[in-house]
Amino acid sequence: MILNEGHARDVWSVLVAKCGASRHRDCVDQFVVLAAEKSTHRLEYRFSGNLGFGGKVYLDEPPRVSCYPEDETAERLEMIKEANNRLKELYQAWEIFMVYPGDIYERNIIEEHGSRTERRLILEVNESFVLYQTLYDPPDGTYMVVERDESGDQKQVTMKEWRIWAKLARKENPSE
């Protein structure tokens, strides 16, 4: 799982608040850089904190915290439980924004004379924009509004515009 800088800092904030991770800027910055560039394997990062030397965060989906079994105590298990619950909440809030090429989002659009379903196929994503293609598969008796620009059926929107639209959408085929 690759995180953007904001999400990585959110994870670190949970580690500080729930597990006593270091607030030192170098520790935070190192984690943020690694979380953003780790692409071939899941990131396993030792932060220690109040969980002892084996205190680690795993950037799975959702991210999770653990410690060595021999270091487990009732207090540490409670910290882990609280941290993992908070990380799961964060992950669920981010999930709609984890946009990947090939994903399809669907949203019902309410209009003056009824409603329609809009489906968007994600073509390209970067920090600044999302490029998508609107998919058309209207059932008999309905109409679809076509969004077009110079590239035909493809439309580019800023990441901010995408997030506003995606908050009310659902992923048809979550990425693996």
# chains A, B, ... in the order shown; residues from 1 in each chain; ligands from 1

$ residues_around --residues "Tyr132 of chain A" --least-positions-apart "6" --cutoff "8 Å" --atoms "only C-alpha atoms" --output "PyMOL selection string"
chain A and resi 120-124+154-156

$ residues_around --residues "Val33 of chain A" --least-positions-apart "5" --cutoff "12 Å" --atoms "only C-alpha atoms" --output "list in words"
Ile2, Leu3, Asn4, Glu5, Gly6, His7, Ala8, Arg9, Asp26, Cys27, Val28, Lys38, Ser39, Leu43 and Tyr45 of chain A

$ closest_residue --among "A:Pro69, A:Gly49, A:Gly102, A:Gly54" --to "Gln133 of chain A" --atoms "only C-alpha atoms"
A:Gly102

$ atom_distance --atom1 "atom CA of Leu59 of chain A" --atom2 "atom CA of Ser22 of chain A"
18.1 Å
